[in-house]
Amino acid sequence: MELITKIKASKINNLSDARYFSTFAEWIGFNFSPESPSYVSLDKAKEIIGWLAGPRIVAEFGKQDVEYINAVCRALKLDTIQSDLDLNFGELDSMISTVMKHIEVDKDLDDSRLESILMANSGKVAYFVLDFTQMSYSWQELQTHPYFSPEKLKDWCENYPIILHLPFTPENVLEIVEQIQPFALNVAGGTEDKVGLRAFDDIDPIIEQLEIED
């Protein structure tokens with residue numbers, strides 16, 4: 001399947017999601033933050049990863065320290081991570097070659113603060129995952145937002161490798177890609193209805209909008 005933009009799938013914790021996203025995603029992320037509802041154990045992640053071929057696997061962390069990050073990556077032989085923290089790159093295991101910085105847009109973040117974060121980390125991290133899902137901003141709300149309008153988001157995407165995570169819908173996803181032109185989109189995984197059974201009614205219509213027609 002060929003899409004008009006790259007996709008990063010995050011918070012994957014079941015084989016159904018992993019297999020589904022592996023057919024088109026550039027990256028598949030597993031959440032190793034123990035406090036997260038989407039946390040996946042090392043054993044389960046290893047089992048799922050064993051079924052995958054193609055996408056790059058991302059070890060996703062919140063505020064976990066470098067020692068924990070290194071231990072997970074060594075156990076699973078992973079070279080790509082995502083973290084909320086400003087890491088000391090000299091302390092990361094030598095096998096880790098790619099770092100994504102996750103930036104959660106919350107009530108304390110404005111455009112000047114975001115610009116400072118992007119500038120301070122430019123050249124240090126490979127990608128920025130800009131996540132609007134905590135605040136649940138709708139695409140309509142962002143049209144007139146004082147800090148995060150489409151014009152400002154496009155400007156940042158022109159200057160930084162941003163993977164954008166918004167409340168995507170079949171109705172807005174094409175417009176978002178066309179107006180903002182991010183490096184990639186981040187889409188979160190879900191939960192299985194039962195082991196080995198998962199409906200993708202929440203994701204399929206969005207991905208269908210992004211497909212390149214033959």
# chains A, B, ... in the order shown; residues from 1 in each chain; ligands from 1
>>> select_by_dssp(residues="stretch 100-176 of chain A", states="helix (DSSP H, G or I)", output="list of chain:residue names")
A:Asp111, A:Ser112, A:Arg113, A:Leu114, A:Glu115, A:Ser116, A:Ile117, A:Leu118, A:Met119, A:Ala120, A:Asn121, A:Trp139, A:Gln140, A:Glu141, A:Leu142, A:Pro150, A:Glu151, A:Lys152, A:Leu153, A:Lys154, A:Asp155, A:Trp156, A:Cys157, A:Glu158, A:Asn159, A:Val173, A:Leu174, A:Glu175, A:Ile176
>>> residues_around(residues="A:Ile207", least_positions_apart="2", cutoff="12 Å", atoms="only C-alpha atoms", output="compact mmCIF listing (two decimals) with N, CA and C atoms, in the first residue's frame")
# COMPACT_ATOMS: atom_id res chain seq x y z
N MET A 1 0.84 -1.19 0.00
CA MET A 1 0.00 0.00 0.00
C MET A 1 0.89 1.25 0.00
N GLU A 2 0.61 2.16 -0.93
CA GLU A 2 1.39 3.39 -1.01
C GLU A 2 0.52 4.57 -0.59
N LEU A 3 1.06 5.39 0.31
CA LEU A 3 0.31 6.53 0.84
C LEU A 3 0.98 7.84 0.45
N ILE A 4 0.24 8.93 0.56
CA ILE A 4 0.77 10.24 0.18
C ILE A 4 1.69 10.82 1.26
N THR A 5 1.71 10.19 2.43
CA THR A 5 2.60 10.64 3.51
C THR A 5 3.07 9.44 4.31
N LYS A 6 4.14 9.60 5.04
CA LYS A 6 4.64 8.53 5.90
C LYS A 6 3.78 8.44 7.16
N ILE A 7 3.73 7.23 7.72
CA ILE A 7 2.94 6.97 8.92
C ILE A 7 3.82 6.38 10.01
N ALA A 9 3.08 4.47 13.53
CA ALA A 9 2.08 3.89 14.43
C ALA A 9 2.68 3.84 15.83
N TYR A 20 -1.36 -5.18 11.08
CA TYR A 20 -2.11 -4.23 10.26
C TYR A 20 -1.23 -3.06 9.84
N PHE A 21 -0.58 -2.42 10.80
CA PHE A 21 0.21 -1.24 10.50
C PHE A 21 1.48 -1.58 9.71
N THR A 23 1.81 -3.16 7.14
CA THR A 23 1.59 -3.17 5.69
C THR A 23 1.80 -1.80 5.07
N PHE A 24 1.86 -0.74 5.91
CA PHE A 24 2.04 0.59 5.32
C PHE A 24 2.84 1.56 6.18
N ALA A 25 3.04 1.29 7.45
CA ALA A 25 3.72 2.25 8.34
C ALA A 25 5.23 2.23 8.15
N PHE A 168 -7.06 12.91 13.98
CA PHE A 168 -7.35 12.77 12.56
C PHE A 168 -8.71 12.10 12.35
N THR A 169 -9.40 12.54 11.31
CA THR A 169 -10.66 11.93 10.89
C THR A 169 -10.61 11.75 9.37
N PRO A 170 -11.48 10.92 8.82
CA PRO A 170 -11.52 10.79 7.36
C PRO A 170 -11.82 12.12 6.68
N GLU A 171 -12.54 13.00 7.39
CA GLU A 171 -12.93 14.27 6.80
C GLU A 171 -11.81 15.32 6.82
N ASN A 172 -10.87 15.20 7.78
CA ASN A 172 -9.86 16.27 7.90
C ASN A 172 -8.45 15.87 7.49
N VAL A 173 -8.17 14.57 7.37
CA VAL A 173 -6.77 14.16 7.25
C VAL A 173 -6.11 14.66 5.97
N LEU A 174 -6.81 14.64 4.86
CA LEU A 174 -6.22 15.14 3.61
C LEU A 174 -5.96 16.63 3.68
N LEU A 185 2.71 11.45 9.69
CA LEU A 185 1.60 11.48 10.65
C LEU A 185 1.79 10.38 11.67
N ASN A 186 1.42 10.66 12.92
CA ASN A 186 1.45 9.65 13.98
C ASN A 186 0.01 9.20 14.25
N VAL A 187 -0.19 7.88 14.24
CA VAL A 187 -1.51 7.30 14.51
C VAL A 187 -1.35 6.28 15.62
N PHE A 200 -10.84 -2.43 12.64
CA PHE A 200 -10.08 -1.22 12.37
C PHE A 200 -10.97 -0.12 11.79
N ASP A 201 -12.21 -0.08 12.27
CA ASP A 201 -13.15 0.93 11.79
C ASP A 201 -12.71 2.35 12.13
N ASP A 202 -11.85 2.48 13.16
CA ASP A 202 -11.38 3.80 13.56
C ASP A 202 -10.22 4.28 12.70
N ILE A 203 -9.49 3.37 12.10
CA ILE A 203 -8.28 3.71 11.35
C ILE A 203 -8.47 3.57 9.85
N ASP A 204 -9.14 2.51 9.41
CA ASP A 204 -9.26 2.22 7.98
C ASP A 204 -9.74 3.42 7.14
N PRO A 205 -10.80 4.11 7.55
CA PRO A 205 -11.28 5.21 6.71
C PRO A 205 -10.26 6.35 6.57
N GLN A 209 -8.17 7.43 2.89
CA GLN A 209 -8.07 8.80 2.34
C GLN A 209 -6.65 9.12 1.88
N LEU A 210 -5.66 8.47 2.49
CA LEU A 210 -4.26 8.77 2.20
C LEU A 210 -3.67 7.89 1.10
N GLU A 211 -4.43 6.90 0.65
CA GLU A 211 -3.90 5.99 -0.36
C GLU A 211 -3.72 6.70 -1.70
N ILE A 212 -2.64 6.35 -2.37
CA ILE A 212 -2.39 6.84 -3.72
C ILE A 212 -3.07 5.89 -4.69
>>> residues_around(residues="A:Asn13", least_positions_apart="6", cutoff="10 Å", atoms="only C-alpha atoms", output="list in words")
Gly29, Phe30, Asn31, Phe32, Pro37, Ser38, Tyr39, Val40, Ser41, Lys44, Ala45, Ile48, Gly189, Gly190, Thr191 and Glu192 of chain A
>>> closest_residue(among="A:Glu141, A:Glu35, A:Asp65, A:Glu208", to="A:Phe89", atoms="only C-alpha atoms")
A:Asp65
>>> select_by_dssp(residues="stretch 5-205 of chain A", states="strand (DSSP E)", output="PyMOL selection string")
chain A and resi 6-10+27-31+56-60+80-83+98-104+127-131+162-165+184-188
>>> atom_distance(atom1="atom CA of A:Thr98", atom2="atom CA of A:Lys77")
13.1 Å
>>> residues_around(residues="A:Ser136", least_positions_apart="6", cutoff="10 Å", atoms="only C-alpha atoms", output="CSV table (one decimal) with N, CA and C atoms, in the first residue's frame")
chain,number,residue,atom,x,y,z
A,105,VAL,N,1.7,18.8,23.5
A,105,VAL,CA,1.1,20.1,23.6
A,105,VAL,C,0.1,20.1,24.7
A,106,ASP,N,0.4,20.9,25.7
A,106,ASP,CA,-0.5,21.1,26.9
A,106,ASP,C,-0.8,22.6,27.1
A,166,LEU,N,-2.5,14.5,15.5
A,166,LEU,CA,-3.7,15.3,15.8
A,166,LEU,C,-4.9,14.3,15.9
A,167,PRO,N,-6.1,14.8,16.3
A,167,PRO,CA,-7.3,13.9,16.2
A,167,PRO,C,-7.7,13.8,14.7
>>> residues_around(residues="A:Asp155", least_positions_apart="4", cutoff="8 Å", atoms="only C-alpha atoms", output="VMD selection string")
chain A and resid 151 159 180
>>> closest_residue(among="A:Leu15, A:Ala188, A:Ile117, A:Ile176", to="A:Thr133", atoms="only C-alpha atoms")
A:Ala188
